[in-house]
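Data first, discussion second: the structure below is written as structure tokens.
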Amino acid sequence: MRAAAIAPSNLALVKYWGKRDSALNVPATGSISVTLDGLSTSTTVDFREDLEADECVLDGVRNGRGAERVTRFLETVRSSFGVERRALVESASDFPAAAGLASSASGFAALALACDAALGLSLSEAQLSALARRGSGSAARSIVGGFAEMRPGEAADGSDAFAVQIAPPERLPLAILAAVTTRARKPVGSTEGMLRTAESSPFYGAWTSSVPRALAEMRAALEAADLERVGMLAEANAMRMHATMLGADPPLLYWNGVTVELVHAVRELRAAGVQAYVTIDAGPQVKVLCEESARAAVREALLAVEGTLEVLEARPGEGARLQDVQG
Ligand code: DP6
């Protein structure tokens with residue numbers, strides 16, 4: 001009852017920011033992402049008779065930060081599939097944990113797939129995606145790979161809230177760079193930030209009602225493999241999400257000064273004729289989408305901004321996959 005899986009992280013091009021059901025972790029709206037080959041998490045789960053409590057080793061740290069969330073996920077698995085045994089979970093990312101990039105998407109996608117194999121559940125891709133969603137909404141998209149669209153669904157039990165692939169990774173040749181501006185932990189996590197935004201930002205209603213159109217435009221831009229449109233739409237969508245967060249009470253400001261400098265640097269590159277576009281999640285790191293041929297120039301421009309600590313690189317890739325299973 002032991003299995004290992006690896007899953008990539010992903011970057012939202014149309015963001016998920018709000019839930020229609022917090023207990024089942026069902027998003028309020030759809031979202032679209034690109035799967036990040038180059039930023040992955042490997043997870044082993046071992047359901048054992050001799051364990052009295054779940055044990056969790058994340059990036060070498062036993063039962064530290066993040067362990068409680070893993071245990072909550074394992075409880076969901078146990079109650080959904082009638083499992084008694086506790087589990088040992090060991091997980092490691094190939095990107096620096098301290099970089100402040102979300103590892104919950106890759107982590108819970110890998111854990112969902114590993115649980116499926118270890119317990120012999122034989123879940124469909126949609127069911128796996130819905131299961132990963134219970135751990136973290138963005139993890140649902142890392143199951144499928146390529147360009148993924150999360151469907152919020154309508155069912156009260158969240159069973160139709162899962163991601164599907166809308167384009168293979170090769171649809172749009174793309175380089176994705178992430179400029180790290182701080183290694184400090186963000187003060188307000190996504191789950192809490194979404195709740196606060198929904199409860200207190202007067203812009204939240206406008207945000208959720210703007211998403212269906214953003215999704216339709218992004219689908220069309222991906223269908224046409226039009227990098228300029230994909231990039232401009234992604235940048236506008238990220239700015240709208242941040243505007244909505246800024247409207248919360250107290251306001252959610254995830255940016256630092258370097259974040260702002262990086263946005264300007266990318267706009268200058270664009271003015272100079274380089275196709276490069278910015279997107280930012282619930283943190284101060286700046287992610288850039290650009291043509292493969294512009295990768296080196298963009299990297300150089302990001303590193304030239306004072307305060308950029310490092311630049312990580314990725315490309316569109318495949319979804320979660322199994323590494324090893326033992327009965
Ligand atoms: C800004 O998936 O981390 O990165 O479902 O509460 O775990 P939970 O939230 P999470 O939120 C991701 C928010 C985002 C946008 C996105 O990835 O779509």
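As shown in the structure tokens, the chain order sets the letters A, B, ...; within each chain, residues go from 1, and ligands are also counted from 1 in the order they appear.
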Run DSSP on the backbone of this structure and report the residues of region 97-174 of chain A it assigns to strand (DSSP E or B), as a PyMOL selection string.
chain A and resi 145+147-150+163-167
Contact residues around Leu121 (chain A) with only C-alpha atoms at 12 Å, ignoring same-chain residues under 6 positions, as a PyMOL selection string
chain A and resi 1+77-78+80-83+112-115+127-128+131
Output of the above residues as a PDB file, in the first residue's frame, restricted to C-alpha atoms:
ATOM      1  CA  MET A   1       0.000   0.000   0.000  1.00  0.00           C
ATOM      2  CA  VAL A  77      -9.129  10.122   1.567  1.00  0.00           C
ATOM      3  CA  ARG A  78      -9.830   7.766   4.493  1.00  0.00           C
ATOM      4  CA  SER A  80     -14.177   8.924   1.224  1.00  0.00           C
ATOM      5  CA  PHE A  81     -12.781   5.459   0.495  1.00  0.00           C
ATOM      6  CA  GLY A  82     -13.239   3.595   3.781  1.00  0.00           C
ATOM      7  CA  VAL A  83      -9.561   3.355   4.695  1.00  0.00           C
ATOM      8  CA  ALA A 112      -3.641  12.495  -4.734  1.00  0.00           C
ATOM      9  CA  LEU A 113      -2.132  10.322  -7.473  1.00  0.00           C
ATOM     10  CA  ALA A 114       0.100   8.436  -5.001  1.00  0.00           C
ATOM     11  CA  CYS A 115      -2.927   7.738  -2.727  1.00  0.00           C
ATOM     12  CA  GLN A 127     -11.969  12.059 -10.090  1.00  0.00           C
ATOM     13  CA  LEU A 128      -8.239  12.429  -9.373  1.00  0.00           C
ATOM     14  CA  LEU A 131      -9.567  14.730  -5.158  1.00  0.00           C
TER      15      LEU A 131
END
Which residue is closest to Arg65 (chain A)? Choose from A:Pro27, A:Glu313, A:Arg185, A:Val274 and count only C-alpha atoms.
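The closest residue to Arg65 (chain A) is A:Arg185.
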Find the residues around Arg72 (chain A) up to 10 Å (only C-alpha atoms counted), leave out those fewer than 4 positions away in its own chain, and share them as a ChimeraX atom specification.
/A:54,67-68,76-78,134-135
Between A:Phe203, A:Asn256, A:Gly317, A:Ala178, which has the minimum distance to Arg295 (chain A) (counting only C-alpha atoms)?
A:Ala178
Please provide as a ChimeraX atom specification all residues within 7 Å of region 243-251 of chain A, with the sequence filter that same-chain residues fewer than 5 positions apart are discarded (counting only C-alpha atoms).
/A:196-197,200-204,207
Counting only C-alpha atoms, which residues in region 81-113 of chain A sit no more than 6 Å from region 139-152 of chain A? For each one, give the nearest pair of atoms and the distance in Å, sorted by chain then residue number, as a tab-separated table.
residue	atom	partner	partner_atom	distance
A:Ala105	CA	A:Ala139	CA	3.7
A:Phe108	CA	A:Ala139	CA	5.7
A:Ala109	CA	A:Ala139	CA	5.1
Might you pull out every residue within 12 Å of Glu300 (chain A), with only C-alpha atoms counted and same-chain residues fewer than 4 positions away left off, and present them as a PyMOL selection string?
chain A and resi 177+179+262+265-266+269+294-296+304-306+308+310-311
With only C-alpha atoms as the basis for distance, which of A:Gly257, A:Glu318, A:Gln326, A:Leu174 is at the shortest distance from Cys290 (chain A)?
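With only C-alpha atoms as the atom set, the closest residue is A:Leu174.
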Expected selection as a PyMOL selection string for ligand 1 within 8 Å, only C-alpha atoms and all ligand atoms:
chain A and resi 10-17+19+25-27+31-33+102+104-105+133-139+189-192+194+280-283
Considering only alpha helix (DSSP H) as DSSP defines it on the backbone, what residues of region 166-207 of chain A qualify? List them as a tab-separated table (two decimals) with N, CA, C and O atoms, in the first residue's frame.
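This is the output file selection_9.tsv:
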chain	number	residue	atom	x	y	z
A	190	SER	N	-3.24	31.80	0.66
A	190	SER	CA	-4.31	31.95	-0.35
A	190	SER	C	-5.69	31.67	0.24
A	190	SER	O	-6.64	32.41	-0.03
A	191	THR	N	-5.80	30.59	1.02
A	191	THR	CA	-7.12	30.19	1.54
A	191	THR	C	-7.73	31.34	2.34
A	191	THR	O	-8.88	31.73	2.12
A	192	GLU	N	-6.93	31.88	3.27
A	192	GLU	CA	-7.42	32.97	4.12
A	192	GLU	C	-7.64	34.25	3.29
A	192	GLU	O	-8.62	34.97	3.48
A	193	GLY	N	-6.72	34.51	2.36
A	193	GLY	CA	-6.81	35.70	1.52
A	193	GLY	C	-8.09	35.71	0.68
A	193	GLY	O	-8.76	36.73	0.54
A	194	MET	N	-8.44	34.53	0.14
A	194	MET	CA	-9.66	34.44	-0.68
A	194	MET	C	-10.90	34.72	0.16
A	194	MET	O	-11.81	35.42	-0.28
A	195	LEU	N	-10.89	34.16	1.36
A	195	LEU	CA	-12.04	34.33	2.25
A	195	LEU	C	-12.22	35.81	2.59
A	195	LEU	O	-13.33	36.35	2.51
A	196	ARG	N	-11.10	36.45	2.95
A	196	ARG	CA	-11.16	37.87	3.32
A	196	ARG	C	-11.64	38.71	2.13
A	196	ARG	O	-12.44	39.63	2.29
A	197	THR	N	-11.14	38.39	0.94
A	197	THR	CA	-11.53	39.15	-0.25
A	197	THR	C	-13.04	39.01	-0.50
A	197	THR	O	-13.73	40.00	-0.75
A	198	ALA	N	-13.53	37.77	-0.42
A	198	ALA	CA	-14.96	37.53	-0.70
A	198	ALA	C	-15.83	38.25	0.33
A	198	ALA	O	-16.89	38.77	0.02
A	199	GLU	N	-15.36	38.28	1.58
A	199	GLU	CA	-16.16	38.88	2.64
A	199	GLU	C	-16.13	40.41	2.64
A	199	GLU	O	-17.10	41.04	3.03
A	200	SER	N	-15.00	40.98	2.19
A	200	SER	CA	-14.87	42.42	2.43
A	200	SER	C	-14.55	43.29	1.22
A	200	SER	O	-14.65	44.51	1.31
A	204	TYR	N	-15.22	42.22	-5.28
A	204	TYR	CA	-15.24	40.76	-5.45
A	204	TYR	C	-16.32	40.31	-6.45
A	204	TYR	O	-16.06	39.46	-7.30
A	205	GLY	N	-17.49	40.91	-6.36
A	205	GLY	CA	-18.58	40.54	-7.29
A	205	GLY	C	-18.19	40.84	-8.73
A	205	GLY	O	-18.45	40.05	-9.64
A	206	ALA	N	-17.54	41.99	-8.92
A	206	ALA	CA	-17.11	42.37	-10.28
A	206	ALA	C	-16.04	41.39	-10.78
A	206	ALA	O	-16.03	41.01	-11.95
A	207	TRP	N	-15.16	40.98	-9.86
A	207	TRP	CA	-14.11	40.02	-10.23
A	207	TRP	C	-14.75	38.70	-10.70
A	207	TRP	O	-14.45	38.24	-11.80
Interatomic distance between CA of Gly60 (chain A) and CA of Ala7 (chain A)?
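So the two atoms, CA of Gly60 (chain A) and CA of Ala7 (chain A), lie 18.0 Å apart.
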Separation of CA of Ala221 (chain A) from CA of Ala234 (chain A), in Å and rounded to one decimal:
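Between CA of Ala221 (chain A) and CA of Ala234 (chain A) the gap is 10.5 Å.
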Option closest in space to Gly231 (chain A), from A:Thr279, A:Thr44, A:Thr71, A:Ser91 [counting only C-alpha atoms]
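Going through A:Thr279, A:Thr44, A:Thr71, A:Ser91 one by one, the smallest distance to Gly231 (chain A) is for A:Thr279.
You can rank A:Gly307, A:Gly153, A:Gly107, A:Gly66 by their closest distance to Ser9 (chain A) using only C-alpha atoms, and at the top of that list sits A:Gly107.
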Point-to-point distance from CA of Gly38 (chain A) to CA of Ala175 (chain A), Å rounded to tenths
10.9 Å
Pick from A:Ala167, A:Ala53, A:Met232, A:Leu252: nearest to Pro187 (chain A), with only C-alpha atoms counted?
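Of the candidates, the smallest distance to Pro187 (chain A) is held by A:Leu252.
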Distance query Val263 (chain A) at most 10 Å, only C-alpha atoms, self and fewer than 2 positions along chain excluded, as a list in words:
Glu235, Val258, Thr259, Val260, Glu261, Ala265, Val266, Arg267, Glu268, Tyr277, Val278, Thr279, Ile280, Val286, Lys287, Val288 and Leu302 of chain A
Dump all heavy atoms for the selected residues as a compact mmCIF listing (two decimals), in the first residue's frame?
# COMPACT_ATOMS: atom_id res chain seq x y z
N GLU A 235 -1.75 38.99 -18.19
CA GLU A 235 -1.29 40.14 -17.41
C GLU A 235 -2.48 40.94 -16.87
O GLU A 235 -2.54 41.29 -15.68
CB GLU A 235 -0.37 41.02 -18.27
CG GLU A 235 0.33 42.08 -17.47
CD GLU A 235 1.46 42.79 -18.24
OE1 GLU A 235 2.36 42.11 -18.79
OE2 GLU A 235 1.44 44.03 -18.28
N VAL A 258 10.37 45.49 -5.14
CA VAL A 258 11.04 44.81 -6.26
C VAL A 258 10.00 44.27 -7.24
O VAL A 258 10.21 44.29 -8.46
CB VAL A 258 11.96 43.68 -5.74
CG1 VAL A 258 12.78 43.09 -6.87
CG2 VAL A 258 12.87 44.20 -4.63
N THR A 259 8.86 43.82 -6.69
CA THR A 259 7.77 43.33 -7.56
C THR A 259 7.41 44.42 -8.57
O THR A 259 7.29 44.16 -9.78
CB THR A 259 6.52 42.99 -6.70
OG1 THR A 259 6.90 42.23 -5.57
CG2 THR A 259 5.48 42.26 -7.51
N VAL A 260 7.23 45.64 -8.08
CA VAL A 260 6.83 46.76 -8.94
C VAL A 260 7.93 47.07 -9.98
O VAL A 260 7.64 47.25 -11.17
CB VAL A 260 6.52 48.01 -8.09
CG1 VAL A 260 6.12 49.18 -8.99
CG2 VAL A 260 5.42 47.72 -7.10
N GLU A 261 9.19 47.05 -9.51
CA GLU A 261 10.30 47.31 -10.44
C GLU A 261 10.33 46.27 -11.55
O GLU A 261 10.60 46.57 -12.72
CB GLU A 261 11.64 47.32 -9.69
CG GLU A 261 11.83 48.50 -8.74
CD GLU A 261 11.70 49.84 -9.44
OE1 GLU A 261 12.04 49.96 -10.63
OE2 GLU A 261 11.23 50.80 -8.79
N ALA A 265 10.17 46.61 -15.57
CA ALA A 265 11.26 46.08 -16.42
C ALA A 265 10.68 45.28 -17.58
O ALA A 265 11.16 45.37 -18.72
CB ALA A 265 12.20 45.23 -15.57
N VAL A 266 9.64 44.50 -17.29
CA VAL A 266 9.04 43.67 -18.36
C VAL A 266 8.30 44.56 -19.36
O VAL A 266 8.35 44.34 -20.57
CB VAL A 266 8.11 42.59 -17.75
CG1 VAL A 266 7.34 41.86 -18.85
CG2 VAL A 266 8.94 41.60 -16.94
N ARG A 267 7.66 45.62 -18.85
CA ARG A 267 6.98 46.55 -19.77
C ARG A 267 8.00 47.25 -20.67
O ARG A 267 7.71 47.49 -21.86
CB ARG A 267 6.17 47.57 -18.99
CG ARG A 267 4.99 46.88 -18.36
CD ARG A 267 4.04 47.83 -17.72
NE ARG A 267 2.81 47.09 -17.41
CZ ARG A 267 1.68 47.65 -17.06
NH1 ARG A 267 1.58 48.94 -16.97
NH2 ARG A 267 0.63 46.91 -16.81
N GLU A 268 9.16 47.56 -20.13
CA GLU A 268 10.21 48.19 -20.96
C GLU A 268 10.70 47.22 -22.03
O GLU A 268 10.91 47.61 -23.18
CB GLU A 268 11.38 48.64 -20.08
CG GLU A 268 11.13 50.00 -19.44
CD GLU A 268 12.03 50.29 -18.25
OE1 GLU A 268 13.17 49.77 -18.22
OE2 GLU A 268 11.58 51.02 -17.35
N TYR A 277 5.42 39.04 -20.87
CA TYR A 277 4.21 39.42 -20.13
C TYR A 277 4.33 38.94 -18.68
O TYR A 277 4.87 37.87 -18.41
CB TYR A 277 2.97 38.80 -20.79
CG TYR A 277 2.96 39.08 -22.27
CD1 TYR A 277 3.60 38.21 -23.16
CD2 TYR A 277 2.41 40.25 -22.79
CE1 TYR A 277 3.66 38.49 -24.53
CE2 TYR A 277 2.46 40.54 -24.14
CZ TYR A 277 3.09 39.65 -25.01
OH TYR A 277 3.16 39.93 -26.35
N VAL A 278 3.74 39.72 -17.80
CA VAL A 278 3.88 39.47 -16.36
C VAL A 278 2.63 38.81 -15.79
O VAL A 278 1.51 39.11 -16.22
CB VAL A 278 4.04 40.85 -15.67
CG1 VAL A 278 3.70 40.79 -14.21
CG2 VAL A 278 5.46 41.36 -15.86
N THR A 279 2.82 37.92 -14.84
CA THR A 279 1.69 37.50 -14.00
C THR A 279 2.21 37.32 -12.57
O THR A 279 3.38 37.01 -12.37
CB THR A 279 0.96 36.26 -14.55
OG1 THR A 279 -0.10 35.92 -13.64
CG2 THR A 279 1.86 35.06 -14.73
N ILE A 280 1.33 37.57 -11.60
CA ILE A 280 1.74 37.53 -10.18
C ILE A 280 0.65 36.81 -9.39
O ILE A 280 -0.54 37.08 -9.58
CB ILE A 280 1.91 38.97 -9.63
CG1 ILE A 280 2.90 39.77 -10.50
CG2 ILE A 280 2.38 38.95 -8.17
CD1 ILE A 280 2.92 41.26 -10.19
N VAL A 286 7.54 37.55 -9.31
CA VAL A 286 7.00 37.95 -10.62
C VAL A 286 7.28 36.84 -11.63
O VAL A 286 8.41 36.41 -11.80
CB VAL A 286 7.62 39.28 -11.07
CG1 VAL A 286 7.17 39.63 -12.48
CG2 VAL A 286 7.23 40.39 -10.11
N LYS A 287 6.24 36.35 -12.27
CA LYS A 287 6.39 35.31 -13.29
C LYS A 287 6.23 35.95 -14.65
O LYS A 287 5.37 36.81 -14.85
CB LYS A 287 5.33 34.22 -13.11
CG LYS A 287 5.57 33.33 -11.89
CD LYS A 287 4.78 33.74 -10.72
CE LYS A 287 5.04 32.87 -9.51
NZ LYS A 287 3.81 32.55 -8.79
N VAL A 288 7.07 35.52 -15.59
CA VAL A 288 7.06 36.14 -16.92
C VAL A 288 6.86 35.06 -17.98
O VAL A 288 7.51 34.01 -17.94
CB VAL A 288 8.39 36.89 -17.17
CG1 VAL A 288 8.40 37.53 -18.54
CG2 VAL A 288 8.61 37.94 -16.09
N LEU A 302 15.54 40.54 -15.85
CA LEU A 302 15.00 40.32 -14.50
C LEU A 302 16.13 40.38 -13.47
O LEU A 302 15.98 40.97 -12.40
CB LEU A 302 14.28 38.97 -14.43
CG LEU A 302 13.06 38.79 -15.34
CD1 LEU A 302 12.48 37.38 -15.20
CD2 LEU A 302 11.98 39.82 -15.03
